[in-house]
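Participant: Contents of final24.pdb (PDB, C-alpha atoms, pLDDT in the B column) are below:
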MODEL        1
ATOM      1  CA  MET H   1      93.199 111.593 102.876  1.00 45.00           C
ATOM      2  CA  ALA H   2      91.427 114.201 100.805  1.00 50.00           C
ATOM      3  CA  ASN H   3      87.652 113.927 100.872  1.00 62.00           C
ATOM      4  CA  ASN H   4      87.371 113.925  97.087  1.00 82.00           C
ATOM      5  CA  VAL H   5      89.819 111.039  96.646  1.00 89.00           C
ATOM      6  CA  LYS H   6      88.244 107.595  96.373  1.00 94.00           C
ATOM      7  CA  TYR H   7      90.000 104.346  97.197  1.00 96.00           C
ATOM      8  CA  PHE H   8      89.440 100.797  96.029  1.00 97.00           C
ATOM      9  CA  THR H   9      90.129  98.088  98.600  1.00 96.00           C
ATOM     10  CA  VAL H  10      92.727  95.673  97.216  1.00 97.00           C
ATOM     11  CA  PRO H  11      93.222  92.291  98.925  1.00 97.00           C
ATOM     12  CA  ILE H  12      96.872  91.330  98.591  1.00 97.00           C
ATOM     13  CA  GLY H  13      95.848  87.848  97.451  1.00 97.00           C
ATOM     14  CA  LEU H  14      94.488  89.331  94.224  1.00 97.00           C
ATOM     15  CA  LEU H  15      98.061  90.203  93.185  1.00 98.00           C
ATOM     16  CA  ARG H  16      98.893  86.524  92.658  1.00 96.00           C
ATOM     17  CA  GLY H  17      99.726  85.821  89.042  1.00 96.00           C
ATOM     18  CA  LEU H  18     100.074  89.446  87.928  1.00 96.00           C
ATOM     19  CA  ILE H  19     103.863  89.630  87.708  1.00 96.00           C
ATOM     20  CA  SER H  20     104.168  86.229  86.023  1.00 93.00           C
ATOM     21  CA  GLY H  21     101.488  87.137  83.489  1.00 92.00           C
ATOM     22  CA  ARG H  22      99.112  84.365  84.560  1.00 93.00           C
ATOM     23  CA  LYS H  23      96.499  86.977  85.458  1.00 95.00           C
ATOM     24  CA  ASP H  24      95.608  89.759  83.028  1.00 96.00           C
ATOM     25  CA  ILE H  25      95.691  93.259  84.493  1.00 96.00           C
ATOM     26  CA  LYS H  26      92.168  94.002  83.221  1.00 96.00           C
ATOM     27  CA  ASP H  27      90.815  90.895  84.947  1.00 97.00           C
ATOM     28  CA  PHE H  28      92.613  91.996  88.096  1.00 98.00           C
ATOM     29  CA  VAL H  29      90.997  95.441  87.966  1.00 97.00           C
ATOM     30  CA  GLN H  30      87.573  93.879  87.438  1.00 97.00           C
ATOM     31  CA  ASP H  31      88.084  91.731  90.532  1.00 97.00           C
ATOM     32  CA  VAL H  32      89.279  94.741  92.545  1.00 98.00           C
ATOM     33  CA  VAL H  33      86.220  96.767  91.569  1.00 97.00           C
ATOM     34  CA  ARG H  34      83.788  93.955  92.388  1.00 96.00           C
ATOM     35  CA  TYR H  35      85.501  93.183  95.684  1.00 97.00           C
ATOM     36  CA  SER H  36      85.557  96.867  96.637  1.00 96.00           C
ATOM     37  CA  LEU H  37      81.896  97.387  95.827  1.00 96.00           C
ATOM     38  CA  TYR H  38      80.908  94.400  97.941  1.00 94.00           C
ATOM     39  CA  TYR H  39      83.311  95.387 100.726  1.00 94.00           C
ATOM     40  CA  HIS H  40      81.908  98.918 100.892  1.00 92.00           C
ATOM     41  CA  ALA H  41      78.348  97.648 100.641  1.00 91.00           C
ATOM     42  CA  VAL H  42      78.914  95.386 103.645  1.00 88.00           C
ATOM     43  CA  HIS H  43      80.845  97.833 105.821  1.00 81.00           C
ATOM     44  CA  LEU H  44      79.596 101.348 105.123  1.00 65.00           C
ATOM     45  CA  PRO H  45      76.208 102.716 106.236  1.00 65.00           C
ATOM     46  CA  TYR H  46      74.797 103.725 102.887  1.00 52.00           C
ATOM     47  CA  SER H  47      71.129 104.730 102.597  1.00 50.00           C
ATOM     48  CA  HIS H  48      69.323 106.193  99.608  1.00 50.00           C
ATOM     49  CA  ASP H  49      65.880 106.862 101.071  1.00 51.00           C
ATOM     50  CA  ASP H  50      64.514 103.968  99.031  1.00 48.00           C
ATOM     51  CA  GLU H  51      61.897 103.069 101.612  1.00 49.00           C
ATOM     52  CA  ASP H  52      59.294 105.085  99.686  1.00 46.00           C
ATOM     53  CA  GLU H  53      59.782 102.724  96.760  1.00 46.00           C
ATOM     54  CA  GLY H  54      59.308  99.688  98.928  1.00 45.00           C
ATOM     55  CA  ILE H  55      62.971  98.734  98.848  1.00 49.00           C
ATOM     56  CA  GLU H  56      64.596  97.618 102.074  1.00 47.00           C
ATOM     57  CA  ALA H  57      67.586  99.828 102.880  1.00 42.00           C
ATOM     58  CA  ASN H  58      69.662  96.844 104.006  1.00 54.00           C
ATOM     59  CA  LYS H  59      69.240  94.752 100.870  1.00 78.00           C
ATOM     60  CA  MET H  60      72.597  94.109  99.218  1.00 84.00           C
ATOM     61  CA  THR H  61      71.376  95.273  95.816  1.00 87.00           C
ATOM     62  CA  THR H  62      70.572  98.649  97.327  1.00 87.00           C
ATOM     63  CA  GLN H  63      73.905  98.743  99.139  1.00 90.00           C
ATOM     64  CA  ILE H  64      75.839  97.773  96.002  1.00 91.00           C
ATOM     65  CA  LYS H  65      74.193 100.592  94.067  1.00 90.00           C
ATOM     66  CA  ALA H  66      75.055 103.023  96.838  1.00 90.00           C
ATOM     67  CA  ALA H  67      78.652 101.760  96.922  1.00 92.00           C
ATOM     68  CA  ALA H  68      78.912 102.179  93.147  1.00 93.00           C
ATOM     69  CA  ASP H  69      77.610 105.722  93.445  1.00 92.00           C
ATOM     70  CA  PHE H  70      80.164 106.490  96.167  1.00 91.00           C
ATOM     71  CA  LEU H  71      83.081 105.006  94.184  1.00 93.00           C
ATOM     72  CA  ASN H  72      81.928 106.446  90.845  1.00 93.00           C
ATOM     73  CA  VAL H  73      81.531 103.018  89.243  1.00 95.00           C
ATOM     74  CA  ARG H  74      78.993 102.134  86.572  1.00 93.00           C
ATOM     75  CA  ILE H  75      77.598  98.626  87.034  1.00 92.00           C
ATOM     76  CA  GLY H  76      76.666  96.578  83.975  1.00 88.00           C
ATOM     77  CA  ASN H  77      74.970  93.526  85.467  1.00 90.00           C
ATOM     78  CA  ILE H  78      74.257  94.129  89.141  1.00 89.00           C
ATOM     79  CA  GLN H  79      73.551  90.455  89.895  1.00 90.00           C
ATOM     80  CA  VAL H  80      76.882  89.344  88.407  1.00 93.00           C
ATOM     81  CA  CYS H  81      78.619  92.125  90.326  1.00 93.00           C
ATOM     82  CA  LEU H  82      76.905  91.024  93.523  1.00 92.00           C
ATOM     83  CA  ASP H  83      77.632  87.314  93.052  1.00 92.00           C
ATOM     84  CA  GLU H  84      81.275  87.810  92.057  1.00 95.00           C
ATOM     85  CA  GLY H  85      81.810  90.401  94.772  1.00 94.00           C
ATOM     86  CA  GLU H  86      80.478  88.011  97.385  1.00 94.00           C
ATOM     87  CA  ARG H  87      82.673  85.176  96.065  1.00 96.00           C
ATOM     88  CA  LEU H  88      85.794  87.350  96.177  1.00 96.00           C
ATOM     89  CA  TYR H  89      84.894  88.731  99.593  1.00 95.00           C
ATOM     90  CA  ASN H  90      84.456  85.246 101.041  1.00 94.00           C
ATOM     91  CA  GLU H  91      87.761  84.135  99.522  1.00 94.00           C
ATOM     92  CA  TYR H  92      89.987  87.053 100.502  1.00 94.00           C
ATOM     93  CA  HIS H  93      88.464  89.032 103.358  1.00 90.00           C
ATOM     94  CA  LYS H  94      89.563  86.721 106.175  1.00 87.00           C
ATOM     95  CA  GLN H  95      93.152  86.711 104.901  1.00 85.00           C
ATOM     96  CA  GLY H  96      93.441  90.174 106.412  1.00 81.00           C
ATOM     97  CA  ASN H  97      96.126  91.737 104.214  1.00 93.00           C
ATOM     98  CA  TYR H  98      94.846  94.504 101.978  1.00 94.00           C
ATOM     99  CA  CYS H  99      95.422  98.136 101.074  1.00 96.00           C
ATOM    100  CA  GLY H 100      93.506 101.128  99.814  1.00 96.00           C
ATOM    101  CA  ILE H 101      94.576 102.296  96.345  1.00 97.00           C
ATOM    102  CA  ASN H 102      93.466 105.526  94.680  1.00 97.00           C
ATOM    103  CA  THR H 103      90.798 104.672  92.117  1.00 97.00           C
ATOM    104  CA  ARG H 104      92.599 106.789  89.511  1.00 97.00           C
ATOM    105  CA  ILE H 105      95.640 104.512  89.729  1.00 98.00           C
ATOM    106  CA  ILE H 106      93.499 101.401  89.315  1.00 98.00           C
ATOM    107  CA  TRP H 107      91.687 102.816  86.277  1.00 97.00           C
ATOM    108  CA  ASP H 108      94.995 103.938  84.758  1.00 97.00           C
ATOM    109  CA  TYR H 109      96.261 100.354  84.882  1.00 97.00           C
ATOM    110  CA  HIS H 110      93.006  99.189  83.327  1.00 96.00           C
ATOM    111  CA  ASN H 111      92.807 101.754  80.532  1.00 97.00           C
ATOM    112  CA  ASN H 112      96.455 102.163  79.515  1.00 97.00           C
ATOM    113  CA  PRO H 113      98.935  99.491  78.392  1.00 95.00           C
ATOM    114  CA  LYS H 114     101.549  98.634  81.018  1.00 96.00           C
ATOM    115  CA  THR H 115     104.806  96.709  80.804  1.00 95.00           C
ATOM    116  CA  LEU H 116     105.497  93.809  83.154  1.00 94.00           C
ATOM    117  CA  TYR H 117     107.977  96.052  84.969  1.00 96.00           C
ATOM    118  CA  GLN H 118     105.296  98.712  85.498  1.00 97.00           C
ATOM    119  CA  ILE H 119     102.996  96.001  86.816  1.00 97.00           C
ATOM    120  CA  ALA H 120     105.767  94.880  89.192  1.00 97.00           C
ATOM    121  CA  VAL H 121     106.126  98.466  90.424  1.00 98.00           C
ATOM    122  CA  PHE H 122     102.372  98.633  91.008  1.00 98.00           C
ATOM    123  CA  CYS H 123     102.487  95.351  92.944  1.00 98.00           C
ATOM    124  CA  THR H 124     105.328  96.741  95.053  1.00 98.00           C
ATOM    125  CA  PHE H 125     103.242  99.840  95.728  1.00 98.00           C
ATOM    126  CA  CYS H 126     100.373  97.651  96.932  1.00 98.00           C
ATOM    127  CA  ALA H 127     102.821  95.576  98.984  1.00 98.00           C
ATOM    128  CA  THR H 128     104.283  98.561 100.814  1.00 98.00           C
ATOM    129  CA  ARG H 129     100.867 100.128 101.386  1.00 98.00           C
ATOM    130  CA  SER H 130      99.585  96.878 102.893  1.00 97.00           C
ATOM    131  CA  ILE H 131     102.606  96.629 105.197  1.00 97.00           C
ATOM    132  CA  ILE H 132     102.260 100.192 106.468  1.00 97.00           C
ATOM    133  CA  GLY H 133      98.528  99.794 106.957  1.00 94.00           C
ATOM    134  CA  LYS H 134      96.844 102.620 108.829  1.00 92.00           C
ATOM    135  CA  GLY H 135     100.037 103.791 110.539  1.00 92.00           C
ATOM    136  CA  GLU H 136     102.362 106.537 109.364  1.00 95.00           C
ATOM    137  CA  TYR H 137     105.370 104.256 108.927  1.00 95.00           C
ATOM    138  CA  LYS H 138     106.473 100.687 109.438  1.00 95.00           C
ATOM    139  CA  LYS H 139     109.693  98.720 109.770  1.00 95.00           C
ATOM    140  CA  THR H 140     109.908  95.887 107.257  1.00 96.00           C
ATOM    141  CA  ASN H 141     112.360  93.973 105.058  1.00 96.00           C
ATOM    142  CA  ARG H 142     112.851  92.955 101.443  1.00 96.00           C
ATOM    143  CA  ASP H 143     111.536  89.434 101.916  1.00 96.00           C
ATOM    144  CA  MET H 144     108.252  90.713 103.315  1.00 97.00           C
ATOM    145  CA  ILE H 145     107.862  93.242 100.505  1.00 98.00           C
ATOM    146  CA  THR H 146     108.563  90.612  97.846  1.00 98.00           C
ATOM    147  CA  ALA H 147     106.090  88.177  99.401  1.00 97.00           C
ATOM    148  CA  ARG H 148     103.374  90.843  99.398  1.00 98.00           C
ATOM    149  CA  MET H 149     104.234  91.754  95.782  1.00 98.00           C
ATOM    150  CA  PHE H 150     103.358  88.216  94.776  1.00 98.00           C
ATOM    151  CA  GLY H 151     100.184  88.104  96.855  1.00 97.00           C
ATOM    152  CA  TYR H 152     101.325  86.377 100.055  1.00 97.00           C
ATOM    153  CA  SER H 153     101.373  87.426 103.711  1.00 95.00           C
ATOM    154  CA  ASN H 154     105.044  86.617 104.233  1.00 96.00           C
ATOM    155  CA  LYS H 155     107.999  84.805 102.700  1.00 96.00           C
ATOM    156  CA  ALA H 156     107.195  81.488 104.394  1.00 96.00           C
ATOM    157  CA  GLU H 157     103.720  81.436 102.865  1.00 96.00           C
ATOM    158  CA  MET H 158     105.158  82.341  99.473  1.00 96.00           C
ATOM    159  CA  LEU H 159     107.708  79.514  99.643  1.00 96.00           C
ATOM    160  CA  ASP H 160     105.012  77.070 100.752  1.00 96.00           C
ATOM    161  CA  ASN H 161     103.156  77.958  97.553  1.00 95.00           C
ATOM    162  CA  THR H 162     106.076  77.595  95.155  1.00 94.00           C
ATOM    163  CA  PRO H 163     104.741  76.339  91.789  1.00 92.00           C
ATOM    164  CA  LYS H 164     105.546  72.676  91.205  1.00 91.00           C
ATOM    165  CA  LEU H 165     107.260  71.622  87.982  1.00 88.00           C
ATOM    166  CA  THR H 166     107.304  67.862  88.628  1.00 82.00           C
ATOM    167  CA  PRO H 167     103.831  66.829  87.356  1.00 74.00           C
ATOM    168  CA  ARG H 168     104.165  65.313  83.884  1.00 78.00           C
ATOM    169  CA  ASN H 169     100.577  65.963  82.900  1.00 80.00           C
ATOM    170  CA  ILE H 170     100.787  69.764  82.854  1.00 88.00           C
ATOM    171  CA  SER H 171     100.787  71.508  79.478  1.00 91.00           C
ATOM    172  CA  LYS H 172     103.770  73.342  78.022  1.00 90.00           C
ATOM    173  CA  GLU H 173     101.927  76.622  78.514  1.00 91.00           C
ATOM    174  CA  GLU H 174     101.247  75.876  82.177  1.00 91.00           C
ATOM    175  CA  ARG H 175     104.842  74.789  82.746  1.00 92.00           C
ATOM    176  CA  ALA H 176     106.095  78.011  81.147  1.00 93.00           C
ATOM    177  CA  ILE H 177     103.871  80.105  83.417  1.00 93.00           C
ATOM    178  CA  ARG H 178     105.075  78.244  86.509  1.00 94.00           C
ATOM    179  CA  GLU H 179     108.698  78.647  85.460  1.00 95.00           C
ATOM    180  CA  LYS H 180     108.085  82.352  84.900  1.00 95.00           C
ATOM    181  CA  GLU H 181     106.530  82.698  88.361  1.00 96.00           C
ATOM    182  CA  ILE H 182     109.510  80.996  90.010  1.00 96.00           C
ATOM    183  CA  ALA H 183     112.000  83.103  88.051  1.00 96.00           C
ATOM    184  CA  GLU H 184     110.240  86.376  88.905  1.00 97.00           C
ATOM    185  CA  ARG H 185     110.104  85.529  92.594  1.00 97.00           C
ATOM    186  CA  GLU H 186     113.801  84.701  92.655  1.00 96.00           C
ATOM    187  CA  LYS H 187     114.583  87.897  90.752  1.00 97.00           C
ATOM    188  CA  TYR H 188     112.773  90.221  93.139  1.00 97.00           C
ATOM    189  CA  LEU H 189     114.240  88.493  96.178  1.00 96.00           C
ATOM    190  CA  THR H 190     117.641  89.804  95.059  1.00 96.00           C
ATOM    191  CA  ARG H 191     118.837  93.146  96.388  1.00 95.00           C
ATOM    192  CA  TYR H 192     119.390  94.658  92.931  1.00 97.00           C
ATOM    193  CA  HIS H 193     115.870  94.133  91.597  1.00 97.00           C
ATOM    194  CA  SER H 194     114.250  94.857  94.951  1.00 96.00           C
ATOM    195  CA  ASP H 195     116.126  98.163  95.135  1.00 96.00           C
ATOM    196  CA  LYS H 196     115.147  98.976  91.558  1.00 97.00           C
ATOM    197  CA  VAL H 197     111.386  98.855  92.147  1.00 98.00           C
ATOM    198  CA  LEU H 198     111.644 100.490  95.571  1.00 98.00           C
ATOM    199  CA  THR H 199     113.704 103.328  94.113  1.00 97.00           C
ATOM    200  CA  GLU H 200     111.051 103.785  91.424  1.00 98.00           C
ATOM    201  CA  LEU H 201     108.463 104.146  94.171  1.00 98.00           C
ATOM    202  CA  GLU H 202     110.661 106.734  95.872  1.00 98.00           C
ATOM    203  CA  LEU H 203     111.092 108.715  92.658  1.00 98.00           C
ATOM    204  CA  SER H 204     107.537 108.621  91.316  1.00 97.00           C
ATOM    205  CA  TRP H 205     105.078 107.229  93.868  1.00 98.00           C
ATOM    206  CA  GLY H 206     105.874 109.128  97.068  1.00 96.00           C
ATOM    207  CA  LEU H 207     107.567 106.359  99.053  1.00 97.00           C
ATOM    208  CA  LYS H 208     110.031 107.355 101.769  1.00 97.00           C
ATOM    209  CA  ARG H 209     112.561 104.682 102.708  1.00 96.00           C
ATOM    210  CA  TYR H 210     115.314 104.803 105.323  1.00 93.00           C
ATOM    211  CA  ALA H 211     117.827 102.343 106.756  1.00 89.00           C
ATOM    212  CA  ASP H 212     121.154 102.868 108.509  1.00 84.00           C
ATOM    213  CA  HIS H 213     123.026  99.926 110.005  1.00 80.00           C
ATOM    214  CA  ILE H 214     119.844  98.046 110.871  1.00 81.00           C
ATOM    215  CA  ARG H 215     118.176  94.893 109.672  1.00 86.00           C
ATOM    216  CA  GLY H 216     115.394  95.869 107.316  1.00 91.00           C
ATOM    217  CA  MET H 217     114.158  99.390 106.610  1.00 94.00           C
ATOM    218  CA  TYR H 218     111.568 101.950 107.610  1.00 94.00           C
ATOM    219  CA  ILE H 219     109.019 102.891 104.953  1.00 97.00           C
ATOM    220  CA  SER H 220     106.286 105.519 104.783  1.00 96.00           C
ATOM    221  CA  TYR H 221     104.059 107.513 102.445  1.00 97.00           C
ATOM    222  CA  GLU H 222     103.169 110.062 105.134  1.00 94.00           C
ATOM    223  CA  SER H 223     106.319 110.755 107.168  1.00 93.00           C
ATOM    224  CA  ASP H 224     109.386 112.528 105.789  1.00 94.00           C
ATOM    225  CA  LEU H 225     112.918 111.136 105.750  1.00 93.00           C
ATOM    226  CA  ALA H 226     113.922 113.161 108.813  1.00 94.00           C
ATOM    227  CA  THR H 227     111.185 111.478 110.832  1.00 93.00           C
ATOM    228  CA  LEU H 228     112.191 108.019 109.620  1.00 93.00           C
ATOM    229  CA  ALA H 229     115.838 108.745 110.440  1.00 91.00           C
ATOM    230  CA  LYS H 230     114.873 109.812 113.961  1.00 90.00           C
ATOM    231  CA  VAL H 231     112.755 106.695 114.473  1.00 88.00           C
ATOM    232  CA  CYS H 232     115.592 104.546 113.167  1.00 86.00           C
ATOM    233  CA  GLU H 233     118.141 106.082 115.546  1.00 85.00           C
ATOM    234  CA  GLN H 234     115.775 105.724 118.498  1.00 83.00           C
ATOM    235  CA  SER H 235     115.251 102.091 117.587  1.00 77.00           C
ATOM    236  CA  LYS H 236     118.986 101.422 117.462  1.00 73.00           C
ATOM    237  CA  LYS H 237     119.442 103.073 120.868  1.00 67.00           C
ATOM    238  CA  SER H 238     116.614 100.990 122.310  1.00 65.00           C
ATOM    239  CA  VAL H 239     118.247  97.807 121.028  1.00 65.00           C
ATOM    240  CA  LYS H 240     121.573  98.835 122.591  1.00 70.00           C
ATOM    241  CA  VAL H 241     119.899  99.592 125.920  1.00 69.00           C
ATOM    242  CA  ASP H 242     118.180  96.198 125.907  1.00 67.00           C
ATOM    243  CA  ALA H 243     121.479  94.492 125.086  1.00 67.00           C
ATOM    244  CA  LEU H 244     123.191  96.376 127.920  1.00 66.00           C
ATOM    245  CA  LYS H 245     120.495  95.327 130.393  1.00 74.00           C
ATOM    246  CA  GLU H 246     120.823  91.710 129.297  1.00 69.00           C
ATOM    247  CA  ALA H 247     124.617  91.829 129.646  1.00 73.00           C
ATOM    248  CA  LYS H 248     124.284  93.174 133.196  1.00 69.00           C
ATOM    249  CA  ARG H 249     121.726  90.486 134.038  1.00 70.00           C
ATOM    250  CA  GLN H 250     124.031  87.758 132.775  1.00 70.00           C
ATOM    251  CA  ALA H 251     126.954  89.263 134.703  1.00 67.00           C
ATOM    252  CA  LYS H 252     124.887  89.257 137.883  1.00 62.00           C
ATOM    253  CA  LEU H 253     123.933  85.602 137.396  1.00 71.00           C
ATOM    254  CA  ALA H 254     127.550  84.685 136.746  1.00 68.00           C
ATOM    255  CA  ALA H 255     128.649  86.491 139.903  1.00 67.00           C
ATOM    256  CA  LYS H 256     126.086  84.615 142.004  1.00 67.00           C
ATOM    257  CA  THR H 257     127.129  81.217 140.680  1.00 73.00           C
ATOM    258  CA  THR H 258     130.837  81.855 141.355  1.00 67.00           C
ATOM    259  CA  ALA H 259     130.412  83.502 144.759  1.00 60.00           C
ATOM    260  CA  PRO H 260     131.765  81.443 147.717  1.00 63.00           C
TER
ENDMDL
END
Show me, as structure tokens, the structure contained in the file I just sent.

Facilitator:
Amino acid sequence: MANNVKYFTVPIGLLRGLISGRKDIKDFVQDVVRYSLYYHAVHLPYSHDDEDEGIEANKMTTQIKAAADFLNVRIGNIQVCLDEGERLYNEYHKQGNYCGINTRIIWDYHNNPKTLYQIAVFCTFCATRSIIGKGEYKKTNRDMITARMFGYSNKAEMLDNTPKLTPRNISKEERAIREKEIAEREKYLTRYHSDKVLTELELSWGLKRYADHIRGMYISYESDLATLAKVCEQSKKSVKVDALKEAKRQAKLAAKTTAP
């Protein structure tokens, strides 16, 4: 990563509600900024030589200011930023799934109007980045990517949190939002729509994706396609070798049980 590039830390859970329209993109960005400031304040060793002014270097207000300076963020109300950042940190940090997103991308989605499809592409970008993590590449599948798009760790968690339409006391607006959420999830679980957003990432966001007669796919933003192809072929060979070993083991057991 280039030294002059700054990254906001995005918990995957914050993506919930974006694609369905329940959560406004500007509110999402505000949460990302506050979470990131608090996250950096907690984890990075900032110090601004404030001791001469009688300010303790470890106080969170000092750390938040230092984090804002590092991430080039102007804080309006530092106490609100601190309180909301702490709330978000306590809610999402232990969930463990997050990604680093270039601050310029985050501000672009805040400052410029985006269609729901563009928001879905952004969520897919966050999903793939969170899956790859700190490695160069990762093997994954469409279900995992879709779950992360909608703010969940995996498909099982997403299905466990399917919006319920049975309560009679929900408003028409709330029912419409829940129906939209269900429809969008089902849409992006299909191969066509999953391929569409992933192809967009390949064309415009730097994603590399490779699969050849395997379950799932290899994805990367660092490795080239040749590397992914090599990894894929090595993986297939490893699976074949394991299957061969198992077949020989079973044959040996069968021979022992039938021997006189």

Participant: Which distance in Å separates CA of Ile19 (chain H) and CA of Glu179 (chain H), to one decimal?

Facilitator: 12.2 Å

Participant: Trp107 (chain H): which residues within 12 Å, counting all atoms listed in the file, same-chain residues fewer than 4 positions away excluded, as an MDAnalysis selection string?

Facilitator: chainID H and resid 6:8 25:26 28:30 32:33 71:73 101:103 111:114

Participant: Quick one: apply the PyMOL selection byres ((chain H and resi 17) around 10) to the file and drop the selected residues here as a ChimeraX atom specification.

Facilitator: /H:13-16,18-25,28,150-151,177-178,180-181

Participant: Do you know which residues the PyMOL selection byres ((chain H and resi 98-100) around 6) returns on this file, as a list in words?

Facilitator: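 Taken on the displayed file, the PyMOL selection byres ((chain H and resi 98-100) around 6) yields the residues Tyr7, Phe8, Thr9, Val10, Pro11, Ile12, Asn97, Ile101, Arg129 and Ser130 of chain H.
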
Participant: Write out as a Markdown table the residues of region 36-145 of chain H that have any atom within 6 Å of an atom of region 213-223 of chain H, one row each with the nearest atom pair and its distance in Å to one decimal, counting only C-alpha atoms, sorted by chain and then rising number.

Facilitator:
| residue | atom | partner | partner_atom | distance |
| --- | --- | --- | --- | --- |
| H:Glu136 | CA | H:Glu222 | CA | 5.6 |
| H:Tyr137 | CA | H:Ser220 | CA | 4.4 |
| H:Lys138 | CA | H:Tyr218 | CA | 5.6 |
| H:Lys139 | CA | H:Tyr218 | CA | 4.3 |
| H:Thr140 | CA | H:Gly216 | CA | 5.5 |
| H:Asn141 | CA | H:Gly216 | CA | 4.2 |

Participant: What is the distance between CA of Ala67 (chain H) and CA of Ser36 (chain H), in Å to one decimal?

Facilitator: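 It comes out at 8.5 Å.
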
Participant: Quick one: of H:Glu200, H:Asp143, H:Glu233, H:Asp224, who's nearest to Tyr117 (chain H), counting only C-alpha atoms?

Facilitator: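 Of all the options, H:Glu200 lies closest to Tyr117 (chain H).
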
Participant: Mind pulling up the distance from CA of Leu225 (chain H) to CA of Glu202 (chain H)?

Facilitator: 11.0 Å

Participant: Fewer than 5 positions away in the same chain doesn't count, so skip those; otherwise give me all residues within 7 Å of region 78-87 of chain H, counting all atoms listed in the file, as a list in words.

Facilitator: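 Near neighbours after the sequence-gap exclusion: Arg34, Tyr35 and Tyr38 of chain H.
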
Participant: With all atoms listed in the file as the basis for distance, which of H:Thr227, H:Ser153, H:Gln250, H:Ser204 is at the shortest distance from Phe122 (chain H)?

Facilitator: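 The closest residue to Phe122 (chain H) is H:Ser204.
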
Participant: Of the candidates H:Arg74, H:Tyr89, H:Val5, H:Val121, which shows the shortest atom-to-atom distance to Ala41 (chain H), using only C-alpha atoms?

Facilitator: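 Using only C-alpha atoms, the shortest distance to Ala41 (chain H) belongs to H:Tyr89.
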
Participant: Tell me which of H:Thr199, H:Asn169, H:Gln234, H:Thr146 sits closest to Cys126 (chain H), counting all atoms listed in the file.

Facilitator: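 Nearest candidate to Cys126 (chain H) out of H:Thr199, H:Asn169, H:Gln234, H:Thr146: H:Thr146.
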
Participant: Quick one: residues within 9 Å of Tyr188 (chain H), all atoms listed in the file counted, chain neighbours fewer than 3 positions away excluded, as a CSV table (one decimal) with C-alpha atoms, in the coordinates of the input?

Facilitator:
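Once written, out-v7.csv looks like this:
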chain,number,residue,atom,x,y,z
H,142,ARG,CA,112.9,93.0,101.4
H,143,ASP,CA,111.5,89.4,101.9
H,146,THR,CA,108.6,90.6,97.8
H,183,ALA,CA,112.0,83.1,88.1
H,184,GLU,CA,110.2,86.4,88.9
H,185,ARG,CA,110.1,85.5,92.6
H,191,ARG,CA,118.8,93.1,96.4
H,192,TYR,CA,119.4,94.7,92.9
H,193,HIS,CA,115.9,94.1,91.6
H,194,SER,CA,114.2,94.9,95.0
H,195,ASP,CA,116.1,98.2,95.1
H,197,VAL,CA,111.4,98.9,92.1

Participant: Around region 108-123 of chain H, fit a box with edges along x, y and z, padding it by 6 Å on each side, then list its centre and edge lengths in Å to one decimal as lines of an AutoDock Vina configuration file.

Facilitator:
center_x = 100.4
center_y = 98.9
center_z = 85.7
size_x = 27.2
size_y = 22.1
size_z = 26.6

Participant: Pick the closest to Met144 (chain H) from H:Leu165, H:Ala229, H:Leu189, H:Ile182: which is it, counting all atoms listed in the file?

Facilitator: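 Comparing H:Leu165, H:Ala229, H:Leu189, H:Ile182 against Met144 (chain H), the winner is H:Leu189.
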
Participant: Out of H:Asp212, H:Lys94, H:Gln118, H:Glu186, which residue has the shortest atom-to-atom distance to Cys232 (chain H) when counting only C-alpha atoms?

Facilitator: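 Under the stated criterion, the closest residue is H:Asp212.
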